[in-house]
Amino acid sequence: MKKIDLAHSPDADDIFMYYAIKFGWVSSDYDFKNKADDIETLNQQTLAGLWDVSAISFGLYPHISNEYALLRTAVSFGEGYGPKLIKLKGKKLKRNFKVALSGKYTTNALIFRLKYPEARIKYYNFLEIEKAVLDGEVDAGVLIHESILNYDERLETEAEIWDIWNELNKENLPLPLGGMAIRRSIPLLDAINIEEILKKAVEVGNTHKDLLSKMLIERNLVRVDSETLKKYLSLYANDESISMSDIQLKAINKLFELGFNAGFYPELIDAKENLIPKEYKKVRES
């Protein structure tokens, strides 16, 4: 049985989309060894080539496209929601305000930098951003993951990353946040099979969402209560997470285009051209 090192973030949607495999609900010919870490740590580690398969921010992908292919499944997009730029209530932000972001390669950081080029950025673990704003270490911060649902009443939203995204792309596209990447050196048939297994895990998890959520809470595998988990999964682990659609691929390409035009990427790539060519398996079996 081939061992596959797989990394995902500890936020509820990543845990949810993977644990159908961990609980044995999806059969596999691979020995998945999973590790959870914050998304920017995974971005940096994938940039260094550490993982066979890893959750990543879409904002990272053009930097790793030569070494990693994109998977179609276990993706998170925003549809009218997403990360939030928050500040203390009533605080006026200057053009060069100090902001806490969750990492250089996160999608929210890319979109933020396009909107606020003069802001002074400090990078924090995403769990520390709210406190940094409350303590006055920064003027504002971008909240991600479950933090967008419940934050201190002394804070208010300055801007929604979703609204900034709509201003930038002007096409009413879904907000591409994160997905999965797989090492290109993995044999193609194995890569196709791994993608199919992960897709099945998302499908099974979605079908049995209440039971899987209950098991995650009972085992203290998520940081939120049952009601918050239900709301969060409805946003980021749903039918749209199973397999990327053409509109989602278009949204990713728009993100890449915006980043390239701003000088953040050395070349402009196409998301569709970097997917696993799953047709290869059919050709081999015919």
# chains A, B, ... in the order shown; residues from 1 in each chain; ligands from 1
call {"tool": "select_by_dssp", "arguments": {"residues": "region 154-230 of chain A", "states": "strand (DSSP E)", "output": "list in words"}}
result
Leu155, Glu156, Thr157, Glu158, Ala159, Glu160, Leu175, Pro176, Leu177, Gly178, Gly179, Met180, Ala181, Ile182 and Arg183 of chain A
call {"tool": "closest_atom_pairs", "arguments": {"of": "region 145-262 of chain A", "to": "region 67-80 of chain A", "cutoff": "10 Å", "atoms": "only C-alpha atoms", "output": "JSON lines"}}
result
{"residue": "A:Glu160", "atom": "CA", "partner": "A:Gly80", "partner_atom": "CA", "distance": 9.3}
{"residue": "A:Ile161", "atom": "CA", "partner": "A:Gly78", "partner_atom": "CA", "distance": 9.5}
{"residue": "A:Trp162", "atom": "CA", "partner": "A:Gly80", "partner_atom": "CA", "distance": 6.2}
{"residue": "A:Asp163", "atom": "CA", "partner": "A:Gly80", "partner_atom": "CA", "distance": 8.0}
{"residue": "A:Asn166", "atom": "CA", "partner": "A:Gly80", "partner_atom": "CA", "distance": 9.5}
{"residue": "A:Asn172", "atom": "CA", "partner": "A:Glu79", "partner_atom": "CA", "distance": 9.3}
{"residue": "A:Leu173", "atom": "CA", "partner": "A:Glu79", "partner_atom": "CA", "distance": 8.3}
{"residue": "A:Pro174", "atom": "CA", "partner": "A:Glu79", "partner_atom": "CA", "distance": 5.3}
{"residue": "A:Leu175", "atom": "CA", "partner": "A:Gly78", "partner_atom": "CA", "distance": 4.7}
{"residue": "A:Pro176", "atom": "CA", "partner": "A:Phe77", "partner_atom": "CA", "distance": 4.7}
{"residue": "A:Leu177", "atom": "CA", "partner": "A:Phe77", "partner_atom": "CA", "distance": 5.4}
{"residue": "A:Gly178", "atom": "CA", "partner": "A:Ser76", "partner_atom": "CA", "distance": 5.2}
{"residue": "A:Gly179", "atom": "CA", "partner": "A:Val75", "partner_atom": "CA", "distance": 4.2}
{"residue": "A:Met180", "atom": "CA", "partner": "A:Leu71", "partner_atom": "CA", "distance": 5.4}
{"residue": "A:Ala181", "atom": "CA", "partner": "A:Leu70", "partner_atom": "CA", "distance": 4.6}
{"residue": "A:Ile182", "atom": "CA", "partner": "A:Tyr68", "partner_atom": "CA", "distance": 5.2}
{"residue": "A:Arg183", "atom": "CA", "partner": "A:Tyr68", "partner_atom": "CA", "distance": 4.4}
{"residue": "A:Arg184", "atom": "CA", "partner": "A:Tyr68", "partner_atom": "CA", "distance": 5.0}
{"residue": "A:Ser185", "atom": "CA", "partner": "A:Glu67", "partner_atom": "CA", "distance": 7.7}
{"residue": "A:Ile186", "atom": "CA", "partner": "A:Tyr68", "partner_atom": "CA", "distance": 9.6}
{"residue": "A:Ala191", "atom": "CA", "partner": "A:Leu71", "partner_atom": "CA", "distance": 9.1}
{"residue": "A:Ile192", "atom": "CA", "partner": "A:Leu71", "partner_atom": "CA", "distance": 9.1}
{"residue": "A:Ile194", "atom": "CA", "partner": "A:Leu71", "partner_atom": "CA", "distance": 9.4}
{"residue": "A:Glu195", "atom": "CA", "partner": "A:Leu71", "partner_atom": "CA", "distance": 6.4}
{"residue": "A:Glu196", "atom": "CA", "partner": "A:Thr73", "partner_atom": "CA", "distance": 8.5}
{"residue": "A:Ile197", "atom": "CA", "partner": "A:Thr73", "partner_atom": "CA", "distance": 9.8}
{"residue": "A:Leu198", "atom": "CA", "partner": "A:Thr73", "partner_atom": "CA", "distance": 6.9}
{"residue": "A:Lys199", "atom": "CA", "partner": "A:Thr73", "partner_atom": "CA", "distance": 5.4}
{"residue": "A:Lys200", "atom": "CA", "partner": "A:Thr73", "partner_atom": "CA", "distance": 9.1}
{"residue": "A:Ala201", "atom": "CA", "partner": "A:Ala74", "partner_atom": "CA", "distance": 8.9}
{"residue": "A:Val202", "atom": "CA", "partner": "A:Ala74", "partner_atom": "CA", "distance": 6.5}
{"residue": "A:Glu203", "atom": "CA", "partner": "A:Ala74", "partner_atom": "CA", "distance": 9.6}
{"residue": "A:Leu235", "atom": "CA", "partner": "A:Gly78", "partner_atom": "CA", "distance": 7.2}
{"residue": "A:Tyr236", "atom": "CA", "partner": "A:Ser76", "partner_atom": "CA", "distance": 5.2}
{"residue": "A:Ala237", "atom": "CA", "partner": "A:Ser76", "partner_atom": "CA", "distance": 6.9}
{"residue": "A:Asn238", "atom": "CA", "partner": "A:Ser76", "partner_atom": "CA", "distance": 8.8}
{"residue": "A:Glu240", "atom": "CA", "partner": "A:Val75", "partner_atom": "CA", "distance": 7.8}
{"residue": "A:Ser241", "atom": "CA", "partner": "A:Val75", "partner_atom": "CA", "distance": 4.8}
{"residue": "A:Ile242", "atom": "CA", "partner": "A:Thr73", "partner_atom": "CA", "distance": 5.0}
{"residue": "A:Ser243", "atom": "CA", "partner": "A:Thr73", "partner_atom": "CA", "distance": 4.6}
{"residue": "A:Met244", "atom": "CA", "partner": "A:Arg72", "partner_atom": "CA", "distance": 5.1}
{"residue": "A:Ser245", "atom": "CA", "partner": "A:Arg72", "partner_atom": "CA", "distance": 8.5}
{"residue": "A:Gln248", "atom": "CA", "partner": "A:Phe77", "partner_atom": "CA", "distance": 8.0}
{"residue": "A:Leu249", "atom": "CA", "partner": "A:Arg72", "partner_atom": "CA", "distance": 9.3}
{"residue": "A:Ala251", "atom": "CA", "partner": "A:Phe77", "partner_atom": "CA", "distance": 9.4}
{"residue": "A:Ile252", "atom": "CA", "partner": "A:Phe77", "partner_atom": "CA", "distance": 9.8}
call {"tool": "residues_around", "arguments": {"residues": "Val133 (chain A)", "least_positions_apart": "5", "cutoff": "10 Å", "atoms": "only C-alpha atoms", "output": "MDAnalysis selection string"}}
result
chainID A and resid 86:88 98:100 128 138:142 155
call {"tool": "residues_around", "arguments": {"residues": "region 42-49 of chain A", "least_positions_apart": "2", "cutoff": "12 Å", "atoms": "only C-alpha atoms", "output": "tab-separated table (two decimals) with N, CA and C atoms, in the first residue's frame"}}
result
chain	number	residue	atom	x	y	z
A	5	ASP	N	1.51	11.35	1.92
A	5	ASP	CA	1.51	12.39	2.94
A	5	ASP	C	0.56	13.50	2.52
A	6	LEU	N	-0.49	13.68	3.30
A	6	LEU	CA	-1.54	14.64	2.97
A	6	LEU	C	-1.70	15.65	4.10
A	7	ALA	N	-1.76	16.91	3.74
A	7	ALA	CA	-1.90	17.97	4.74
A	7	ALA	C	-3.17	18.77	4.48
A	8	HIS	N	-3.82	19.16	5.56
A	8	HIS	CA	-5.01	20.00	5.46
A	8	HIS	C	-5.00	20.97	6.63
A	9	SER	N	-5.79	22.00	6.55
A	9	SER	CA	-5.84	22.96	7.64
A	9	SER	C	-6.74	22.42	8.75
A	10	PRO	N	-6.65	22.98	9.97
A	10	PRO	CA	-7.50	22.53	11.07
A	10	PRO	C	-8.87	23.19	11.08
A	35	LYS	N	-1.79	15.39	8.23
A	35	LYS	CA	-1.30	16.38	9.18
A	35	LYS	C	-2.12	17.64	9.02
A	36	ALA	N	-2.52	18.24	10.14
A	36	ALA	CA	-3.27	19.49	10.11
A	36	ALA	C	-2.39	20.65	10.56
A	37	ASP	N	-2.44	21.74	9.82
A	37	ASP	CA	-1.70	22.94	10.21
A	37	ASP	C	-2.39	24.14	9.57
A	38	ASP	N	-2.07	25.35	10.07
A	38	ASP	CA	-2.74	26.53	9.53
A	38	ASP	C	-2.36	26.70	8.05
A	39	ILE	N	-3.25	27.34	7.31
A	39	ILE	CA	-3.15	27.33	5.86
A	39	ILE	C	-1.88	28.00	5.35
A	40	GLU	N	-1.40	29.05	6.01
A	40	GLU	CA	-0.17	29.68	5.52
A	40	GLU	C	1.03	28.79	5.76
A	51	TRP	N	4.82	18.24	0.87
A	51	TRP	CA	3.68	17.32	0.88
A	51	TRP	C	3.41	16.68	-0.47
A	52	ASP	N	2.87	15.45	-0.43
A	52	ASP	CA	2.39	14.81	-1.65
A	52	ASP	C	1.10	15.48	-2.11
A	53	VAL	N	0.20	15.69	-1.16
A	53	VAL	CA	-1.08	16.34	-1.41
A	53	VAL	C	-1.30	17.35	-0.29
A	54	SER	N	-1.74	18.54	-0.62
A	54	SER	CA	-1.95	19.53	0.44
A	54	SER	C	-3.06	20.50	0.09
A	55	ALA	N	-3.76	20.92	1.15
A	55	ALA	CA	-4.64	22.07	1.01
A	55	ALA	C	-3.76	23.30	0.80
A	56	ILE	N	-4.19	24.17	-0.09
A	56	ILE	CA	-3.45	25.41	-0.36
A	56	ILE	C	-4.44	26.55	-0.57
A	57	SER	N	-3.93	27.76	-0.46
A	57	SER	CA	-4.67	28.93	-0.92
A	57	SER	C	-4.52	29.02	-2.43
A	58	PHE	N	-5.60	29.35	-3.13
A	58	PHE	CA	-5.48	29.53	-4.58
A	58	PHE	C	-4.48	30.64	-4.91
A	59	GLY	N	-4.35	31.61	-4.01
A	59	GLY	CA	-3.39	32.68	-4.23
A	59	GLY	C	-1.96	32.20	-4.32
A	60	LEU	N	-1.66	31.04	-3.74
A	60	LEU	CA	-0.32	30.46	-3.81
A	60	LEU	C	-0.05	29.79	-5.16
A	61	TYR	N	-1.06	29.21	-5.78
A	61	TYR	CA	-0.84	28.20	-6.81
A	61	TYR	C	0.12	28.59	-7.94
A	62	PRO	N	0.05	29.79	-8.52
A	62	PRO	CA	0.99	30.09	-9.61
A	62	PRO	C	2.46	29.95	-9.21
A	63	HIS	N	2.75	30.04	-7.92
A	63	HIS	CA	4.13	29.89	-7.46
A	63	HIS	C	4.58	28.43	-7.41
A	64	ILE	N	3.63	27.48	-7.46
A	64	ILE	CA	3.99	26.06	-7.34
A	64	ILE	C	3.53	25.23	-8.53
A	65	SER	N	3.04	25.88	-9.58
A	65	SER	CA	2.40	25.15	-10.68
A	65	SER	C	3.36	24.22	-11.42
A	66	ASN	N	4.65	24.49	-11.38
A	66	ASN	CA	5.60	23.60	-12.04
A	66	ASN	C	5.76	22.28	-11.29
A	67	GLU	N	5.54	22.30	-9.99
A	67	GLU	CA	5.75	21.11	-9.17
A	67	GLU	C	4.46	20.42	-8.74
A	68	TYR	N	3.34	21.14	-8.77
A	68	TYR	CA	2.07	20.60	-8.29
A	68	TYR	C	0.95	20.86	-9.30
A	69	ALA	N	0.06	19.88	-9.43
A	69	ALA	CA	-1.16	20.04	-10.22
A	69	ALA	C	-2.32	20.38	-9.28
A	102	SER	N	-3.29	36.80	7.47
A	102	SER	CA	-3.02	35.42	7.88
A	102	SER	C	-1.89	34.76	7.10
A	103	GLY	N	-1.23	35.49	6.20
A	103	GLY	CA	-0.10	34.90	5.49
A	103	GLY	C	0.11	35.51	4.12
A	104	LYS	N	1.35	35.58	3.71
A	104	LYS	CA	1.74	36.20	2.44
A	104	LYS	C	1.06	35.56	1.25
A	105	TYR	N	0.87	34.24	1.27
A	105	TYR	CA	0.38	33.52	0.10
A	105	TYR	C	-1.11	33.20	0.16
A	106	THR	N	-1.81	33.69	1.16
A	106	THR	CA	-3.25	33.44	1.24
A	106	THR	C	-3.98	34.25	0.17
A	107	THR	N	-5.11	33.73	-0.24
A	107	THR	CA	-5.91	34.44	-1.25
A	107	THR	C	-6.39	35.77	-0.73
A	178	GLY	N	-9.66	28.42	-1.43
A	178	GLY	CA	-8.67	27.37	-1.27
A	178	GLY	C	-9.06	26.08	-1.95
A	179	GLY	N	-8.05	25.26	-2.23
A	179	GLY	CA	-8.27	23.96	-2.85
A	179	GLY	C	-7.18	23.00	-2.45
A	180	MET	N	-6.94	22.02	-3.31
A	180	MET	CA	-5.94	20.99	-3.05
A	180	MET	C	-4.97	20.90	-4.22
A	181	ALA	N	-3.71	20.65	-3.90
A	181	ALA	CA	-2.68	20.46	-4.92
A	181	ALA	C	-1.99	19.13	-4.71
A	182	ILE	N	-1.55	18.50	-5.80
A	182	ILE	CA	-0.90	17.19	-5.73
A	182	ILE	C	0.43	17.23	-6.47
A	183	ARG	N	1.43	16.59	-5.90
A	183	ARG	CA	2.77	16.61	-6.48
A	183	ARG	C	2.76	15.98	-7.88
A	184	ARG	N	3.37	16.65	-8.85
A	184	ARG	CA	3.38	16.16	-10.23
A	184	ARG	C	4.23	14.90	-10.39
A	185	SER	N	5.16	14.66	-9.49
A	185	SER	CA	6.01	13.47	-9.60
A	185	SER	C	5.28	12.18	-9.24
call {"tool": "atom_distance", "arguments": {"atom1": "CA of Ile111 (chain A)", "atom2": "CA of Leu85 (chain A)"}}
result
11.3 Å
call {"tool": "atom_distance", "arguments": {"atom1": "CA of Asn261 (chain A)", "atom2": "CA of Leu168 (chain A)"}}
result
11.9 Å
call {"tool": "atom_distance", "arguments": {"atom1": "CA of Glu156 (chain A)", "atom2": "CA of Lys89 (chain A)"}}
result
5.3 Å
